[in-house]
file final_33.cif (mmCIF, C-alpha atoms and all ligand atoms)
data_run
#
loop_
_atom_site.label_atom_id
_atom_site.label_comp_id
_atom_site.auth_asym_id
_atom_site.auth_seq_id
_atom_site.Cartn_x
_atom_site.Cartn_y
_atom_site.Cartn_z
CA MET A 21 66.67 30.60 -33.60
CA ILE A 22 68.83 28.28 -31.49
CA VAL A 23 72.42 28.28 -32.74
CA ARG A 24 75.51 26.23 -32.01
CA TYR A 25 78.69 28.28 -32.06
CA ARG A 26 82.42 28.39 -31.41
CA THR A 27 83.97 31.30 -29.50
CA PRO A 28 87.40 32.80 -30.36
CA GLY A 29 88.72 30.76 -27.40
CA ALA A 30 87.44 27.57 -29.15
CA THR A 31 84.68 26.94 -26.60
CA ILE A 32 81.61 25.42 -28.21
CA GLY A 33 78.25 26.61 -26.95
CA VAL A 34 74.56 26.65 -27.79
CA GLY A 35 72.53 29.83 -27.54
CA LEU A 36 69.52 31.77 -28.62
CA LEU A 37 70.06 34.23 -31.46
CA ASP A 38 68.46 37.52 -30.42
CA GLY A 39 69.21 40.27 -32.95
CA ASP A 40 73.00 40.59 -33.06
CA GLN A 41 73.47 38.84 -29.70
CA VAL A 42 73.70 35.16 -28.81
CA VAL A 43 72.20 34.40 -25.39
CA GLU A 44 73.83 31.34 -23.82
CA LEU A 45 71.64 28.33 -23.15
CA GLY A 46 74.35 26.41 -21.29
CA ALA A 47 73.63 23.10 -23.00
CA ASP A 48 74.61 21.11 -26.06
CA VAL A 49 72.18 20.26 -28.88
CA ALA A 50 71.97 16.61 -27.83
CA SER A 51 70.78 17.58 -24.35
CA LEU A 52 68.12 19.87 -25.87
CA LEU A 53 66.91 16.90 -27.93
CA ARG A 54 66.61 14.78 -24.78
CA MET A 55 63.99 17.27 -23.47
CA THR A 56 60.30 17.18 -24.24
CA LEU A 57 58.92 19.94 -26.45
CA LEU A 58 57.39 21.60 -23.37
CA GLU A 59 60.66 21.47 -21.42
CA LEU A 60 62.56 22.94 -24.38
CA ARG A 61 60.05 25.75 -24.81
CA THR A 62 60.21 26.60 -21.12
CA MET A 63 64.02 26.65 -21.21
CA VAL A 64 64.09 28.89 -24.29
CA ASP A 65 61.56 31.30 -22.76
CA LEU A 66 63.55 31.57 -19.51
CA ALA A 67 66.90 31.91 -21.32
CA ARG A 68 66.15 35.29 -22.87
CA SER A 69 67.68 37.10 -19.87
CA GLY A 70 70.87 34.97 -19.67
CA PRO A 71 74.47 36.00 -20.44
CA ALA A 72 74.97 37.17 -24.05
CA ARG A 73 77.85 37.63 -26.47
CA PRO A 74 77.96 39.49 -29.82
CA LEU A 75 77.10 37.34 -32.85
CA SER A 76 80.08 38.91 -34.67
CA GLU A 77 82.45 37.26 -32.17
CA VAL A 78 81.36 33.67 -32.78
CA GLU A 79 81.48 31.16 -35.62
CA ILE A 80 78.12 29.48 -36.25
CA LEU A 81 78.38 25.67 -36.45
CA ALA A 82 76.04 22.94 -37.65
CA PRO A 83 73.27 22.47 -35.05
CA VAL A 84 74.13 18.88 -34.25
CA ASP A 85 76.52 17.24 -31.79
CA GLY A 86 77.09 14.21 -29.57
CA ARG A 87 75.33 11.01 -30.56
CA THR A 88 72.65 12.74 -32.63
CA GLU A 89 72.49 11.29 -36.16
CA VAL A 90 71.19 12.77 -39.40
CA TRP A 91 68.81 10.61 -41.45
CA ALA A 92 67.03 11.46 -44.67
CA ALA A 93 63.90 10.54 -46.58
CA GLY A 94 63.95 10.14 -50.36
CA VAL A 95 61.51 10.33 -53.26
CA THR A 96 59.03 12.31 -51.18
CA TYR A 97 58.30 14.82 -53.97
CA LEU A 98 57.20 14.10 -57.54
CA THR A 99 60.19 16.11 -58.82
CA SER A 100 62.56 13.71 -57.09
CA GLN A 101 60.74 10.63 -58.35
CA SER A 102 60.84 11.90 -61.96
CA ALA A 103 64.56 12.76 -61.69
CA ARG A 104 65.45 9.27 -60.37
CA ILE A 105 63.42 7.56 -63.10
CA GLU A 106 65.18 9.66 -65.74
CA GLU A 107 68.69 9.09 -64.39
CA SER A 108 68.47 5.42 -63.41
CA GLU A 109 70.46 3.17 -65.73
CA THR A 110 69.08 -0.11 -64.38
CA SER A 111 66.21 0.27 -61.94
CA ALA A 112 63.66 2.99 -62.71
CA SER A 113 60.85 0.82 -61.33
CA VAL A 114 62.10 1.00 -57.72
CA TYR A 115 61.51 4.75 -57.79
CA GLU A 116 58.08 4.33 -59.39
CA GLN A 117 57.11 1.94 -56.58
CA ILE A 118 58.55 3.78 -53.59
CA TYR A 119 56.74 7.06 -54.24
CA ASP A 120 53.34 5.59 -53.37
CA ALA A 121 54.48 2.73 -51.14
CA ASP A 122 53.30 2.71 -47.54
CA ARG A 123 56.89 2.40 -46.24
CA PRO A 124 58.97 5.46 -47.22
CA GLU A 125 62.59 5.48 -48.31
CA LEU A 126 64.69 6.39 -45.24
CA PHE A 127 68.46 6.30 -45.16
CA PHE A 128 71.28 7.14 -42.77
CA LYS A 129 73.05 10.32 -43.84
CA SER A 130 75.61 11.41 -41.24
CA VAL A 131 77.04 11.25 -37.77
CA ALA A 132 77.17 14.63 -36.02
CA TRP A 133 80.91 15.29 -36.31
CA ARG A 134 80.86 14.92 -40.10
CA VAL A 135 78.08 17.46 -40.71
CA ILE A 136 79.12 20.72 -42.40
CA GLY A 137 77.81 23.98 -40.94
CA PRO A 138 76.87 27.34 -42.45
CA GLY A 139 79.69 28.72 -44.61
CA GLY A 140 81.55 25.40 -44.62
CA GLU A 141 82.77 23.43 -47.62
CA ILE A 142 80.56 20.76 -49.13
CA ARG A 143 82.10 18.28 -51.55
CA ALA A 144 81.56 16.58 -54.86
CA ARG A 145 83.15 13.14 -55.03
CA ALA A 146 86.25 12.73 -57.20
CA ASP A 147 84.85 9.45 -58.58
CA SER A 148 81.52 10.97 -59.60
CA PRO A 149 80.96 13.09 -62.72
CA ILE A 150 77.45 14.33 -61.80
CA ASP A 151 76.80 15.76 -58.34
CA VAL A 152 73.99 17.97 -57.08
CA PRO A 153 72.85 19.77 -53.97
CA GLU A 154 69.52 18.61 -52.54
CA PRO A 155 67.74 21.41 -50.69
CA GLU A 156 65.55 19.93 -47.96
CA LEU A 157 63.54 20.85 -44.88
CA ALA A 158 65.07 19.03 -41.89
CA LEU A 159 63.19 18.14 -38.72
CA ALA A 160 64.83 18.19 -35.28
CA VAL A 161 63.17 15.27 -33.53
CA ASN A 162 63.61 14.75 -29.78
CA ALA A 163 64.24 11.45 -27.99
CA SER A 164 60.52 10.84 -27.60
CA GLY A 165 59.79 11.43 -31.28
CA GLU A 166 58.37 14.96 -31.11
CA VAL A 167 59.34 17.47 -33.83
CA VAL A 168 60.87 20.31 -31.79
CA GLY A 169 62.42 22.36 -34.58
CA TYR A 170 63.42 22.86 -38.19
CA ALA A 171 66.54 23.68 -40.20
CA VAL A 172 67.79 23.61 -43.78
CA CYS A 173 69.65 20.47 -44.90
CA ASN A 174 71.71 20.04 -48.06
CA ASP A 175 71.67 16.31 -48.90
CA VAL A 176 74.56 16.65 -51.38
CA SER A 177 74.49 13.60 -53.64
CA SER A 178 76.24 11.86 -56.49
CA ARG A 179 73.61 11.39 -59.21
CA SER A 180 75.93 9.26 -61.34
CA ILE A 181 76.73 6.72 -58.60
CA GLU A 182 73.10 6.37 -57.59
CA ALA A 183 72.05 6.10 -61.25
CA GLU A 184 74.45 3.22 -61.85
CA ASN A 185 72.81 0.99 -59.26
CA PRO A 186 70.43 1.79 -56.36
CA LEU A 187 72.53 -0.46 -54.12
CA TYR A 188 75.23 2.19 -54.40
CA LEU A 189 72.99 4.65 -52.52
CA PRO A 190 75.20 4.84 -49.37
CA GLN A 191 78.20 5.75 -51.53
CA ALA A 192 76.15 8.33 -53.45
CA LYS A 193 74.90 9.89 -50.22
CA VAL A 194 77.46 9.38 -47.44
CA TYR A 195 80.98 10.76 -47.90
CA ASN A 196 83.03 13.67 -46.53
CA GLY A 197 81.25 16.97 -47.09
CA SER A 198 77.97 15.44 -48.26
CA CYS A 199 75.74 16.75 -45.47
CA ALA A 200 75.29 20.40 -44.57
CA LEU A 201 72.84 21.60 -41.92
CA GLY A 202 71.94 25.01 -40.56
CA PRO A 203 71.88 27.84 -39.95
CA GLY A 204 70.29 26.93 -36.59
CA ILE A 205 67.19 25.38 -35.10
CA ILE A 206 63.93 27.26 -35.58
CA PRO A 207 61.74 26.07 -32.70
CA ALA A 208 58.66 24.16 -33.84
CA TRP A 209 56.32 26.62 -32.10
CA GLU A 210 57.59 29.41 -34.38
CA VAL A 211 56.61 27.65 -37.62
CA ALA A 212 52.87 27.97 -38.24
CA ASP A 213 52.63 25.48 -41.11
CA PRO A 214 55.59 23.31 -42.18
CA TYR A 215 53.57 22.23 -45.24
CA ALA A 216 53.57 25.77 -46.68
CA LEU A 217 57.21 26.81 -46.71
CA PRO A 218 58.62 28.34 -49.92
CA LEU A 219 62.10 27.00 -50.66
CA ARG A 220 64.71 28.33 -53.08
CA LEU A 221 67.99 26.90 -54.39
CA THR A 222 70.56 29.14 -56.09
CA ILE A 223 73.93 28.02 -57.47
CA VAL A 224 76.43 30.73 -58.32
CA ARG A 225 79.59 30.09 -60.39
CA GLU A 226 82.13 32.85 -60.93
CA ASP A 227 79.58 35.51 -59.94
CA ALA A 228 76.86 34.23 -62.32
CA VAL A 229 73.77 32.26 -61.37
CA VAL A 230 74.07 28.89 -63.13
CA TRP A 231 71.01 27.29 -61.54
CA ASP A 232 68.07 28.75 -59.69
CA GLY A 233 64.76 27.20 -58.76
CA SER A 234 62.01 27.37 -56.23
CA ALA A 235 59.37 25.07 -54.84
CA SER A 236 57.31 24.61 -51.68
CA THR A 237 56.89 22.04 -48.95
CA ALA A 238 53.22 22.11 -49.98
CA GLN A 239 54.29 19.66 -52.73
CA LEU A 240 55.46 17.06 -50.16
CA HIS A 241 53.84 13.70 -50.90
CA ARG A 242 54.18 12.39 -47.29
CA ARG A 243 53.13 13.55 -43.84
CA LEU A 244 56.03 14.65 -41.63
CA ASP A 245 54.70 12.78 -38.58
CA GLN A 246 54.51 9.61 -40.68
CA LEU A 247 58.15 9.96 -41.78
CA VAL A 248 59.15 10.40 -38.11
CA ALA A 249 57.04 7.42 -37.05
CA TRP A 250 58.59 5.16 -39.71
CA LEU A 251 62.09 6.22 -38.68
CA HIS A 252 61.37 5.34 -35.04
CA ARG A 253 60.09 1.86 -35.81
CA GLU A 254 62.54 -0.47 -34.09
CA LEU A 255 65.12 2.34 -33.77
CA ASP A 256 65.83 4.50 -30.70
CA PHE A 257 67.46 7.92 -30.73
CA PRO A 258 68.34 8.74 -27.10
CA ASP A 259 69.90 12.07 -28.17
CA GLY A 260 67.25 12.80 -30.78
CA VAL A 261 67.73 12.77 -34.54
CA TRP A 262 67.64 15.12 -37.51
CA LEU A 263 65.40 13.89 -40.32
CA SER A 264 65.80 15.57 -43.70
CA THR A 265 62.56 15.27 -45.62
CA GLY A 266 63.61 14.95 -49.28
CA THR A 267 64.30 17.25 -52.16
CA CYS A 268 61.78 19.08 -54.29
CA LEU A 269 64.38 20.66 -56.62
CA VAL A 270 66.68 18.74 -58.95
CA PRO A 271 68.77 20.50 -61.64
CA ASP A 272 68.29 19.00 -65.11
CA LEU A 273 70.89 16.52 -66.37
CA PRO A 274 73.76 16.89 -67.12
CA PHE A 275 74.15 19.77 -64.64
CA THR A 276 76.82 19.12 -62.03
CA LEU A 277 78.39 21.05 -59.21
CA ALA A 278 81.82 22.53 -59.94
CA ASP A 279 84.70 23.50 -57.68
CA GLY A 280 84.03 26.92 -56.15
CA ASP A 281 80.25 26.95 -56.72
CA VAL A 282 78.34 28.74 -53.99
CA VAL A 283 75.13 26.94 -53.06
CA THR A 284 72.41 28.88 -51.26
CA ILE A 285 69.29 27.23 -49.90
CA ALA A 286 66.63 29.47 -48.38
CA ILE A 287 63.49 28.23 -46.67
CA ASP A 288 61.10 31.00 -45.63
CA GLY A 289 60.81 31.20 -41.86
CA VAL A 290 63.53 28.58 -41.33
CA GLY A 291 66.70 30.21 -42.62
CA THR A 292 69.35 30.36 -45.30
CA LEU A 293 72.22 27.89 -45.61
CA ILE A 294 75.19 28.88 -47.77
CA ASN A 295 78.10 26.56 -48.62
CA THR A 296 80.96 26.45 -51.11
CA VAL A 297 81.69 23.35 -53.20
CA ARG A 298 85.05 21.57 -53.33
CA ARG A 299 85.57 19.07 -56.12
CA SER A 300 88.75 17.10 -55.46
O1 LIG B 401 66.64 7.41 -53.78
C1 LIG B 401 67.28 8.36 -53.74
C2 LIG B 401 67.27 9.40 -52.71
C3 LIG B 401 66.47 10.55 -53.12
C4 LIG B 401 66.62 11.70 -52.21
O2 LIG B 401 67.58 11.87 -51.48
C5 LIG B 401 65.57 12.71 -52.24
O3 LIG B 401 64.52 12.51 -52.86
O4 LIG B 401 65.78 13.74 -51.61
MG MG B 402 67.66 13.92 -50.66
#

call {"tool": "encode", "arguments": {"input": "final_33.cif", "output": "C-alpha cells", "more": "lines below"}}
Ligand code: DO4
Ligand code: MG
result
Amino acid sequence: MIVRYRTPGATIGVGLLDGDQVVELGADVASLLRMTLLELRTMVDLARSGPARPLSEVEILAPVDGRTEVWAAGVTYLTSQSARIEESETSASVYEQIYDADRPELFFKSVAWRVIGPGGEIRARADSPIDVPEPELALAVNASGEVVGYAVCNDVSSRSIEAENPLYLPQAKVYNGSCALGPGIIPAWEVADPYALPLRLTIVREDAVVWDGSASTAQLHRRLDQLVAWLHRELDFPDGVWLSTGTCLVPDLPFTLADGDVVTIAIDGVGTLINTVRRS
C-alpha cells in the first residue's frame, strides 16, 4: 500500500507500507498520478530497498495532495437508487431515469486539502437533520486516464438536503468534513478483480453497533472504465483524479449520524477507513 504521511517534524512524505515500516518514495501523490501505470509500477518495485521509517512514528494522511481533485459517481447501485426514490420529496423520477441512463451521475466532491484522512473527523451539517456515511470504492486515476490504484472513500452526505431538491446536491455533498479517503493507495496490479470486493460499513455509538451492513462491488451497475471515460470527457486532470464509485449501503430512514459516532468502512483487499463524526 502506498501511504501519505506526516513525520513528527511535520514533513509530509509518500511511501510504501511494508509491514511496520514506511519506505520513502520521495514523491507526492500528484506526481505519482502524473506517471503511467508502468512507470508507477517500476518505481514501486525499485523503492522497496529505499530509506525506511517506523510506521509508529508517522501520522497517516489522506492519499491526495496538490491539484488532484476527488469526484464521485452516484446511483450506481440499486440500493442507492431505491434510497433516493424513497427519500426524494419532489423528484423521484430523476433517480429512476439516471440508473439506466447512458450518461452516469458524476459530481465534484472535494479539493485535496479538504479531504479527511484515516482517523480524522468527518462532519454532519448543522443545518441537516439526516446525514449518512456512504462507503465507496474509490479509483486513483492517473493523468492519462488509467486506473492505477484503489482506496476507500466515505462520501458523507446530507440525505435531508438532497431529498428536498436535487439541485441542492452540491450542498448535500460538499462541505467541511464531507469527504474521507484512505487508508492509502492499493496499487491496481494488486487487486485481481475490482468487481468482486466485499465491503462492510459499521457505525458504533457509545460502544454499541447502531448500524452494520455489507455488500459487494459485484452489485455495481456500471463498468469502472466507463465511469472514468465519462469523467474525462471534456475534462483534463493533469495531476490525476480520485473517482469514488457510488454507495451500495444506505441505512434505513430515519437513521442519522450522531456526534461521536465511529464509522468504519472495510473493503477486502483495499483497506479499512475509520473516522469519528462531529455534529456541530
Ligand atoms: O444523487 C445522489 C448521489 C448518490 C450517491 O452519492 C451515491 O449513490 O453514492
Ligand atoms: Mg455517494

call {"tool": "residues_around", "arguments": {"input": "final_33.cif", "residues": "Asp40 (chain A)", "least_positions_apart": "3", "cutoff": "12 Å", "atoms": "all atoms listed in the file", "output": "list in words"}}
result
Met21, Leu36, Leu37, Val43, Ala72, Arg73, Pro74, Leu75, Ser76, Glu77 and Val78 of chain A

call {"tool": "closest_atom_pairs", "arguments": {"input": "final_33.cif", "of": "chain A", "to": "ligand MG 402 (chain B)", "cutoff": "6 Å", "atoms": "only C-alpha atoms and all ligand atoms", "output": "Markdown table"}}
result
| residue | atom | partner | partner_atom | distance |
| --- | --- | --- | --- | --- |
| A:Gly94 | CA | B:MG402 | MG | 5.3 |
| A:Glu154 | CA | B:MG402 | MG | 5.4 |
| A:Asp175 | CA | B:MG402 | MG | 5.0 |
| A:Gly266 | CA | B:MG402 | MG | 4.4 |
| A:Thr267 | CA | B:MG402 | MG | 5.0 |

call {"tool": "atom_distance", "arguments": {"input": "final_33.cif", "atom1": "CA of Cys173 (chain A)", "atom2": "CA of Cys268 (chain A)"}}
result
12.3 Å

call {"tool": "residues_near_ligand", "arguments": {"input": "final_33.cif", "ligand": "ligand LIG 401 (chain B)", "cutoff": "9 Å", "atoms": "only C-alpha atoms and all ligand atoms", "output": "PyMOL selection string"}}
result
chain A and resi 92-101+103-104+114-115+118+125-127+154-156+175-177+179+182+186+189+192-193+264-270

call {"tool": "write_last_selection", "arguments": {"input": "final_33.cif", "atoms": "C-alpha atoms", "output": "PDB file, in the frame of the given file"}}
result
ATOM      1  CA  ALA A  92      67.030  11.460 -44.670  1.00  0.00           C
ATOM      2  CA  ALA A  93      63.900  10.540 -46.580  1.00  0.00           C
ATOM      3  CA  GLY A  94      63.950  10.140 -50.360  1.00  0.00           C
ATOM      4  CA  VAL A  95      61.510  10.330 -53.260  1.00  0.00           C
ATOM      5  CA  THR A  96      59.030  12.310 -51.180  1.00  0.00           C
ATOM      6  CA  TYR A  97      58.300  14.820 -53.970  1.00  0.00           C
ATOM      7  CA  LEU A  98      57.200  14.100 -57.540  1.00  0.00           C
ATOM      8  CA  THR A  99      60.190  16.110 -58.820  1.00  0.00           C
ATOM      9  CA  SER A 100      62.560  13.710 -57.090  1.00  0.00           C
ATOM     10  CA  GLN A 101      60.740  10.630 -58.350  1.00  0.00           C
ATOM     11  CA  ALA A 103      64.560  12.760 -61.690  1.00  0.00           C
ATOM     12  CA  ARG A 104      65.450   9.270 -60.370  1.00  0.00           C
ATOM     13  CA  VAL A 114      62.100   1.000 -57.720  1.00  0.00           C
ATOM     14  CA  TYR A 115      61.510   4.750 -57.790  1.00  0.00           C
ATOM     15  CA  ILE A 118      58.550   3.780 -53.590  1.00  0.00           C
ATOM     16  CA  GLU A 125      62.590   5.480 -48.310  1.00  0.00           C
ATOM     17  CA  LEU A 126      64.690   6.390 -45.240  1.00  0.00           C
ATOM     18  CA  PHE A 127      68.460   6.300 -45.160  1.00  0.00           C
ATOM     19  CA  GLU A 154      69.520  18.610 -52.540  1.00  0.00           C
ATOM     20  CA  PRO A 155      67.740  21.410 -50.690  1.00  0.00           C
ATOM     21  CA  GLU A 156      65.550  19.930 -47.960  1.00  0.00           C
ATOM     22  CA  ASP A 175      71.670  16.310 -48.900  1.00  0.00           C
ATOM     23  CA  VAL A 176      74.560  16.650 -51.380  1.00  0.00           C
ATOM     24  CA  SER A 177      74.490  13.600 -53.640  1.00  0.00           C
ATOM     25  CA  ARG A 179      73.610  11.390 -59.210  1.00  0.00           C
ATOM     26  CA  GLU A 182      73.100   6.370 -57.590  1.00  0.00           C
ATOM     27  CA  PRO A 186      70.430   1.790 -56.360  1.00  0.00           C
ATOM     28  CA  LEU A 189      72.990   4.650 -52.520  1.00  0.00           C
ATOM     29  CA  ALA A 192      76.150   8.330 -53.450  1.00  0.00           C
ATOM     30  CA  LYS A 193      74.900   9.890 -50.220  1.00  0.00           C
ATOM     31  CA  SER A 264      65.800  15.570 -43.700  1.00  0.00           C
ATOM     32  CA  THR A 265      62.560  15.270 -45.620  1.00  0.00           C
ATOM     33  CA  GLY A 266      63.610  14.950 -49.280  1.00  0.00           C
ATOM     34  CA  THR A 267      64.300  17.250 -52.160  1.00  0.00           C
ATOM     35  CA  CYS A 268      61.780  19.080 -54.290  1.00  0.00           C
ATOM     36  CA  LEU A 269      64.380  20.660 -56.620  1.00  0.00           C
ATOM     37  CA  VAL A 270      66.680  18.740 -58.950  1.00  0.00           C
TER      38      VAL A 270
END

call {"tool": "closest_residue", "arguments": {"input": "final_33.cif", "among": "A:Ala82, A:Val282, A:Leu244, A:Ala200", "to": "Asp227 (chain A)", "atoms": "all atoms listed in the file"}}
result
A:Val282

call {"tool": "atom_distance", "arguments": {"input": "final_33.cif", "atom1": "CA of Pro149 (chain A)", "atom2": "CA of Ala228 (chain A)"}}
result
21.5 Å

call {"tool": "closest_residue", "arguments": {"input": "final_33.cif", "among": "A:Asn295, A:Ser178, A:Ser130, A:Thr27", "to": "Asp147 (chain A)", "atoms": "only C-alpha atoms"}}
result
A:Ser178

call {"tool": "residues_around", "arguments": {"input": "final_33.cif", "residues": "Tyr195 (chain A)", "least_positions_apart": "2", "cutoff": "9 Å", "atoms": "only C-alpha atoms", "output": "list of chain:residue names"}}
result
A:Lys129, A:Ser130, A:Arg134, A:Arg143, A:Arg145, A:Pro190, A:Gln191, A:Ala192, A:Lys193, A:Gly197, A:Ser198, A:Cys199

call {"tool": "atom_distance", "arguments": {"input": "final_33.cif", "atom1": "CA of Ser180 (chain A)", "atom2": "CA of Ile287 (chain A)"}}
result
27.0 Å

call {"tool": "closest_residue", "arguments": {"input": "final_33.cif", "among": "A:Asp48, A:Glu141, A:Asp288, A:Asp272", "to": "Arg87 (chain A)", "atoms": "only C-alpha atoms"}}
result
A:Asp48

call {"tool": "closest_residue", "arguments": {"input": "final_33.cif", "among": "A:Val84, A:Val152, A:Ala183, A:Ala67", "to": "Ser111 (chain A)", "atoms": "all atoms listed in the file"}}
result
A:Ala183
